[in-house]
Amino acid sequence: MLQFFRFSFILLLVMSWSYANAQFKQTSKWKALVALGFNYPTTDGFVDGTFAQPINFPTVNLGIQHMFKKEYGVKLDYGFNRFKNDNDSPEFKVNYSRVNVQFVFDPTDYLGIIPRRMRTILHAGPGFSFTSPLGNLGDNKQSYLNVLGGLELHYAINEKVSIFTDIAYIYGLTSLEDYNPPLDGLGAFNGSVFNVTLGLAISLSGCQYCD
């Protein structure tokens, strides 16, 4: 009888550990992502003599993500950035927005060294950028294609919510020579933007791919 209880106790411990481990290995089919951070627009995107601060606020990213399997999926996201002139540049402010469709890949299980509650997410895909200077510089609006690539690090708070940081680069498929007609003035921006954000990933569906 003692051996039976000992065996039952060990079995219960193993089952409890397996269940707890599975809860934080799950990947939800649908997720909403909200993030806030800062940005840096590249200097080659401005007309001569104009450049932005190295760190600009805010950067806001909103996205919806769908996983086909535990390892891969897609997401659609919108980003808003505002940047302004540096101290040694003529005065301007620019609103920079983008929309991107991205492929999402989670290589965590292949790495083998990541703590149980953490996930690493690679994401990349094409999109469209819109720049709109503020004030009396509104005629210098621009729009062009972009390609975005980034890395997210997630930490699970519970089964439904994780916090994450995202480092991303939005490469503008354009140059100053693409102005048509050529623009001459402050706030004109045809370039790339570097983003760093911190946010929440919220599951919109239950455990879809539990181990």
# chains A, B, ... in the order shown; residues from 1 in each chain; ligands from 1
call {"tool": "closest_atom_pairs", "arguments": {"of": "stretch 86-131 of chain A", "to": "stretch 54-60 of chain A", "cutoff": "12 Å", "atoms": "only C-alpha atoms", "output": "tab-separated table"}}
result
residue	atom	partner	partner_atom	distance
A:Asp86	CA	A:Pro54	CA	7.7
A:Asn87	CA	A:Pro54	CA	10.7
A:Lys93	CA	A:Asn56	CA	10.5
A:Val94	CA	A:Asn56	CA	10.7
A:Asn95	CA	A:Pro58	CA	10.0
A:Tyr96	CA	A:Thr59	CA	9.4
A:Ser97	CA	A:Val60	CA	9.5
A:Arg98	CA	A:Val60	CA	10.6
call {"tool": "residues_around", "arguments": {"residues": "stretch 36-42 of chain A", "least_positions_apart": "6", "cutoff": "9 Å", "atoms": "only C-alpha atoms", "output": "ChimeraX atom specification"}}
result
/A:51-61,81-83,189,191-199
call {"tool": "select_by_dssp", "arguments": {"residues": "stretch 8-120 of chain A", "states": "strand (DSSP E or B)", "output": "VMD selection string"}}
result
chain A and resid 28 30 to 41 46 52 56 to 67 72 to 85 93 to 105 118 to 120
call {"tool": "closest_residue", "arguments": {"among": "A:Tyr72, A:Arg119, A:His66, A:Phe92", "to": "A:Ser132", "atoms": "only C-alpha atoms"}}
result
A:Phe92
call {"tool": "closest_residue", "arguments": {"among": "A:Tyr78, A:Phe130, A:Trp30, A:Phe46", "to": "A:Gln102", "atoms": "only C-alpha atoms"}}
result
A:Tyr78
call {"tool": "closest_residue", "arguments": {"among": "A:Gly112, A:Pro126, A:Gly73, A:Gly63", "to": "A:Tyr144", "atoms": "only C-alpha atoms"}}
result
A:Pro126
call {"tool": "residues_around", "arguments": {"residues": "A:Asn100", "least_positions_apart": "6", "cutoff": "9 Å", "atoms": "only C-alpha atoms", "output": "JSON, numbers by chain"}}
result
{"A": [75, 76, 77, 78, 79, 124, 125, 126, 127, 128, 129, 146, 147, 148]}
call {"tool": "atom_distance", "arguments": {"atom1": "atom CA of A:Leu151", "atom2": "atom CA of A:Leu122"}}
result
4.8 Å
call {"tool": "select_by_dssp", "arguments": {"residues": "stretch 49-184 of chain A", "states": "helix (DSSP H, G or I)", "output": "VMD selection string"}}
result
chain A and resid 108 to 111 135 to 140 176 to 178
call {"tool": "write_last_selection", "arguments": {"atoms": "all heavy atoms", "output": "mmCIF file, in the first residue's frame"}}
result
data_model
loop_
_atom_site.group_PDB
_atom_site.id
_atom_site.type_symbol
_atom_site.label_atom_id
_atom_site.label_comp_id
_atom_site.auth_asym_id
_atom_site.auth_seq_id
_atom_site.Cartn_x
_atom_site.Cartn_y
_atom_site.Cartn_z
ATOM 1 N N THR A 108 11.828 29.706 -31.074
ATOM 2 C CA THR A 108 12.204 29.459 -29.675
ATOM 3 C C THR A 108 12.515 27.997 -29.397
ATOM 4 O O THR A 108 13.524 27.664 -28.774
ATOM 5 C CB THR A 108 11.082 29.939 -28.740
ATOM 6 O OG1 THR A 108 10.771 31.300 -29.031
ATOM 7 C CG2 THR A 108 11.521 29.826 -27.290
ATOM 8 N N ASP A 109 11.645 27.090 -29.847
ATOM 9 C CA ASP A 109 11.822 25.673 -29.536
ATOM 10 C C ASP A 109 13.070 25.089 -30.188
ATOM 11 O O ASP A 109 13.585 24.064 -29.747
ATOM 12 C CB ASP A 109 10.590 24.880 -29.975
ATOM 13 C CG ASP A 109 9.363 25.217 -29.133
ATOM 14 O OD1 ASP A 109 9.542 25.759 -28.030
ATOM 15 O OD2 ASP A 109 8.237 24.937 -29.582
ATOM 16 N N TYR A 110 13.558 25.728 -31.247
ATOM 17 C CA TYR A 110 14.761 25.248 -31.916
ATOM 18 C C TYR A 110 16.027 25.736 -31.227
ATOM 19 O O TYR A 110 17.100 25.156 -31.409
ATOM 20 C CB TYR A 110 14.778 25.691 -33.375
ATOM 21 C CG TYR A 110 13.599 25.200 -34.175
ATOM 22 C CD1 TYR A 110 12.559 26.071 -34.499
ATOM 23 C CD2 TYR A 110 13.507 23.877 -34.597
ATOM 24 C CE1 TYR A 110 11.464 25.628 -35.231
ATOM 25 C CE2 TYR A 110 12.412 23.429 -35.333
ATOM 26 C CZ TYR A 110 11.396 24.315 -35.643
ATOM 27 O OH TYR A 110 10.322 23.870 -36.353
ATOM 28 N N LEU A 111 15.911 26.801 -30.448
ATOM 29 C CA LEU A 111 17.089 27.376 -29.805
ATOM 30 C C LEU A 111 17.514 26.579 -28.580
ATOM 31 O O LEU A 111 18.701 26.412 -28.323
ATOM 32 C CB LEU A 111 16.817 28.835 -29.425
ATOM 33 C CG LEU A 111 16.478 29.765 -30.592
ATOM 34 C CD1 LEU A 111 16.155 31.169 -30.077
ATOM 35 C CD2 LEU A 111 17.619 29.817 -31.600
ATOM 36 N N GLY A 135 1.975 71.872 -39.464
ATOM 37 C CA GLY A 135 2.028 73.317 -39.657
ATOM 38 C C GLY A 135 1.828 73.705 -41.112
ATOM 39 O O GLY A 135 1.018 73.115 -41.834
ATOM 40 N N ASN A 136 2.581 74.722 -41.560
ATOM 41 C CA ASN A 136 2.434 75.218 -42.932
ATOM 42 C C ASN A 136 3.292 74.446 -43.932
ATOM 43 O O ASN A 136 3.535 74.904 -45.043
ATOM 44 C CB ASN A 136 2.799 76.709 -42.998
ATOM 45 C CG ASN A 136 4.220 76.977 -42.541
ATOM 46 O OD1 ASN A 136 4.943 76.058 -42.160
ATOM 47 N ND2 ASN A 136 4.602 78.246 -42.570
ATOM 48 N N LEU A 137 3.757 73.238 -43.527
ATOM 49 C CA LEU A 137 4.591 72.412 -44.406
ATOM 50 C C LEU A 137 3.803 71.249 -45.001
ATOM 51 O O LEU A 137 4.372 70.308 -45.543
ATOM 52 C CB LEU A 137 5.791 71.851 -43.623
ATOM 53 C CG LEU A 137 6.643 72.883 -42.885
ATOM 54 C CD1 LEU A 137 7.682 72.195 -42.011
ATOM 55 C CD2 LEU A 137 7.318 73.821 -43.872
ATOM 56 N N GLY A 138 2.473 71.312 -44.905
ATOM 57 C CA GLY A 138 1.626 70.200 -45.306
ATOM 58 C C GLY A 138 1.744 69.785 -46.755
ATOM 59 O O GLY A 138 1.426 68.647 -47.108
ATOM 60 N N ASP A 139 2.190 70.686 -47.637
ATOM 61 C CA ASP A 139 2.329 70.333 -49.051
ATOM 62 C C ASP A 139 3.454 69.332 -49.298
ATOM 63 O O ASP A 139 3.552 68.781 -50.394
ATOM 64 C CB ASP A 139 2.592 71.596 -49.890
ATOM 65 C CG ASP A 139 1.360 72.490 -49.951
ATOM 66 O OD1 ASP A 139 0.259 71.975 -49.703
ATOM 67 O OD2 ASP A 139 1.524 73.691 -50.241
ATOM 68 N N ASN A 140 4.290 69.101 -48.297
ATOM 69 C CA ASN A 140 5.426 68.186 -48.458
ATOM 70 C C ASN A 140 5.087 66.750 -48.050
ATOM 71 O O ASN A 140 5.956 65.980 -47.642
ATOM 72 C CB ASN A 140 6.617 68.679 -47.638
ATOM 73 C CG ASN A 140 7.224 69.933 -48.226
ATOM 74 O OD1 ASN A 140 6.920 70.304 -49.357
ATOM 75 N ND2 ASN A 140 8.063 70.598 -47.465
ATOM 76 N N LEU A 176 15.429 60.675 -51.859
ATOM 77 C CA LEU A 176 15.074 62.077 -52.080
ATOM 78 C C LEU A 176 14.863 62.377 -53.557
ATOM 79 O O LEU A 176 14.107 63.274 -53.925
ATOM 80 C CB LEU A 176 16.158 62.984 -51.508
ATOM 81 C CG LEU A 176 16.219 63.075 -49.981
ATOM 82 C CD1 LEU A 176 17.404 63.920 -49.551
ATOM 83 C CD2 LEU A 176 14.926 63.666 -49.438
ATOM 84 N N GLU A 177 15.528 61.622 -54.432
ATOM 85 C CA GLU A 177 15.373 61.846 -55.866
ATOM 86 C C GLU A 177 13.997 61.425 -56.375
ATOM 87 O O GLU A 177 13.614 61.745 -57.500
ATOM 88 C CB GLU A 177 16.452 61.081 -56.641
ATOM 89 C CG GLU A 177 17.853 61.662 -56.532
ATOM 90 C CD GLU A 177 18.472 61.419 -55.173
ATOM 91 O OE1 GLU A 177 18.078 60.438 -54.493
ATOM 92 O OE2 GLU A 177 19.340 62.220 -54.766
ATOM 93 N N ASP A 178 13.235 60.701 -55.533
ATOM 94 C CA ASP A 178 11.915 60.237 -55.955
ATOM 95 C C ASP A 178 10.820 61.289 -55.779
ATOM 96 O O ASP A 178 9.669 61.032 -56.098
ATOM 97 C CB ASP A 178 11.521 58.979 -55.169
ATOM 98 C CG ASP A 178 12.377 57.792 -55.552
ATOM 99 O OD1 ASP A 178 12.912 57.785 -56.678
ATOM 100 O OD2 ASP A 178 12.510 56.874 -54.724
#
call {"tool": "residues_around", "arguments": {"residues": "A:Phe164", "least_positions_apart": "5", "cutoff": "10 Å", "atoms": "only C-alpha atoms", "output": "PDB file with N, CA, C and O atoms, in the first residue's frame"}}
result
ATOM      1  N   LEU A  33      -1.802  42.992 -30.465  1.00  0.00           N
ATOM      2  CA  LEU A  33      -0.537  43.538 -29.982  1.00  0.00           C
ATOM      3  C   LEU A  33      -0.608  45.062 -29.924  1.00  0.00           C
ATOM      4  O   LEU A  33      -1.026  45.711 -30.897  1.00  0.00           O
ATOM      5  N   VAL A  34      -0.210  45.609 -28.772  1.00  0.00           N
ATOM      6  CA  VAL A  34      -0.204  47.053 -28.559  1.00  0.00           C
ATOM      7  C   VAL A  34       1.149  47.430 -27.969  1.00  0.00           C
ATOM      8  O   VAL A  34       1.589  46.825 -26.984  1.00  0.00           O
ATOM      9  N   ALA A  35       1.831  48.411 -28.575  1.00  0.00           N
ATOM     10  CA  ALA A  35       3.169  48.766 -28.097  1.00  0.00           C
ATOM     11  C   ALA A  35       3.407  50.265 -28.209  1.00  0.00           C
ATOM     12  O   ALA A  35       2.847  50.943 -29.079  1.00  0.00           O
ATOM     13  N   MET A 118       9.569  32.580 -21.877  1.00  0.00           N
ATOM     14  CA  MET A 118       9.989  33.538 -22.896  1.00  0.00           C
ATOM     15  C   MET A 118       9.848  32.950 -24.297  1.00  0.00           C
ATOM     16  O   MET A 118       9.979  31.748 -24.501  1.00  0.00           O
ATOM     17  N   ARG A 119       9.574  33.840 -25.259  1.00  0.00           N
ATOM     18  CA  ARG A 119       9.522  33.458 -26.668  1.00  0.00           C
ATOM     19  C   ARG A 119      10.289  34.503 -27.469  1.00  0.00           C
ATOM     20  O   ARG A 119      10.314  35.690 -27.124  1.00  0.00           O
ATOM     21  N   THR A 120      10.923  34.068 -28.543  1.00  0.00           N
ATOM     22  CA  THR A 120      11.555  34.982 -29.492  1.00  0.00           C
ATOM     23  C   THR A 120      10.763  34.935 -30.793  1.00  0.00           C
ATOM     24  O   THR A 120      10.424  33.854 -31.281  1.00  0.00           O
ATOM     25  N   ILE A 121      10.456  36.089 -31.330  1.00  0.00           N
ATOM     26  CA  ILE A 121       9.634  36.180 -32.532  1.00  0.00           C
ATOM     27  C   ILE A 121      10.357  37.027 -33.586  1.00  0.00           C
ATOM     28  O   ILE A 121      10.749  38.163 -33.318  1.00  0.00           O
ATOM     29  N   GLU A 152      11.141  40.391 -31.752  1.00  0.00           N
ATOM     30  CA  GLU A 152      10.392  40.576 -30.511  1.00  0.00           C
ATOM     31  C   GLU A 152      10.860  39.559 -29.467  1.00  0.00           C
ATOM     32  O   GLU A 152      11.121  38.398 -29.791  1.00  0.00           O
ATOM     33  N   LEU A 153      10.920  39.993 -28.211  1.00  0.00           N
ATOM     34  CA  LEU A 153      11.176  39.120 -27.067  1.00  0.00           C
ATOM     35  C   LEU A 153       9.968  39.191 -26.146  1.00  0.00           C
ATOM     36  O   LEU A 153       9.639  40.267 -25.639  1.00  0.00           O
ATOM     37  N   HIS A 154       9.294  38.043 -25.942  1.00  0.00           N
ATOM     38  CA  HIS A 154       8.070  37.975 -25.146  1.00  0.00           C
ATOM     39  C   HIS A 154       8.327  37.291 -23.812  1.00  0.00           C
ATOM     40  O   HIS A 154       9.094  36.323 -23.736  1.00  0.00           O
ATOM     41  N   TYR A 155       7.638  37.778 -22.772  1.00  0.00           N
ATOM     42  CA  TYR A 155       7.647  37.118 -21.464  1.00  0.00           C
ATOM     43  C   TYR A 155       6.201  36.933 -21.012  1.00  0.00           C
ATOM     44  O   TYR A 155       5.455  37.916 -20.888  1.00  0.00           O
ATOM     45  N   ALA A 156       5.800  35.682 -20.781  1.00  0.00           N
ATOM     46  CA  ALA A 156       4.415  35.373 -20.437  1.00  0.00           C
ATOM     47  C   ALA A 156       4.120  35.738 -18.984  1.00  0.00           C
ATOM     48  O   ALA A 156       4.769  35.231 -18.061  1.00  0.00           O
ATOM     49  N   THR A 197      10.147  49.516 -29.147  1.00  0.00           N
ATOM     50  CA  THR A 197       8.880  49.632 -28.430  1.00  0.00           C
ATOM     51  C   THR A 197       8.766  48.583 -27.332  1.00  0.00           C
ATOM     52  O   THR A 197       9.430  47.545 -27.357  1.00  0.00           O
ATOM     53  N   LEU A 198       7.880  48.854 -26.378  1.00  0.00           N
ATOM     54  CA  LEU A 198       7.526  47.929 -25.301  1.00  0.00           C
ATOM     55  C   LEU A 198       6.010  47.814 -25.300  1.00  0.00           C
ATOM     56  O   LEU A 198       5.318  48.834 -25.385  1.00  0.00           O
ATOM     57  N   GLY A 199       5.484  46.568 -25.209  1.00  0.00           N
ATOM     58  CA  GLY A 199       4.046  46.440 -25.326  1.00  0.00           C
ATOM     59  C   GLY A 199       3.471  45.197 -24.687  1.00  0.00           C
ATOM     60  O   GLY A 199       4.151  44.452 -23.968  1.00  0.00           O
ATOM     61  N   LEU A 200       2.170  44.970 -24.981  1.00  0.00           N
ATOM     62  CA  LEU A 200       1.422  43.817 -24.490  1.00  0.00           C
ATOM     63  C   LEU A 200       0.917  43.008 -25.672  1.00  0.00           C
ATOM     64  O   LEU A 200       0.440  43.569 -26.665  1.00  0.00           O
ATOM     65  N   ALA A 201       1.001  41.685 -25.560  1.00  0.00           N
ATOM     66  CA  ALA A 201       0.385  40.759 -26.510  1.00  0.00           C
ATOM     67  C   ALA A 201      -0.740  40.044 -25.780  1.00  0.00           C
ATOM     68  O   ALA A 201      -0.508  39.389 -24.754  1.00  0.00           O
TER      69      ALA A 201
END
call {"tool": "closest_residue", "arguments": {"among": "A:Gly150, A:Phe80, A:Thr50, A:Arg116", "to": "A:Thr165", "atoms": "only C-alpha atoms"}}
result
A:Gly150
call {"tool": "atom_distance", "arguments": {"atom1": "atom CA of A:Ile202", "atom2": "atom CA of A:Ala32"}}
result
5.2 Å
call {"tool": "closest_residue", "arguments": {"among": "A:Ser175, A:Glu71, A:Glu91, A:Lys31", "to": "A:Pro133", "atoms": "only C-alpha atoms"}}
result
A:Glu91
call {"tool": "atom_distance", "arguments": {"atom1": "atom CA of A:Pro115", "atom2": "atom CA of A:Val101"}}
result
29.1 Å
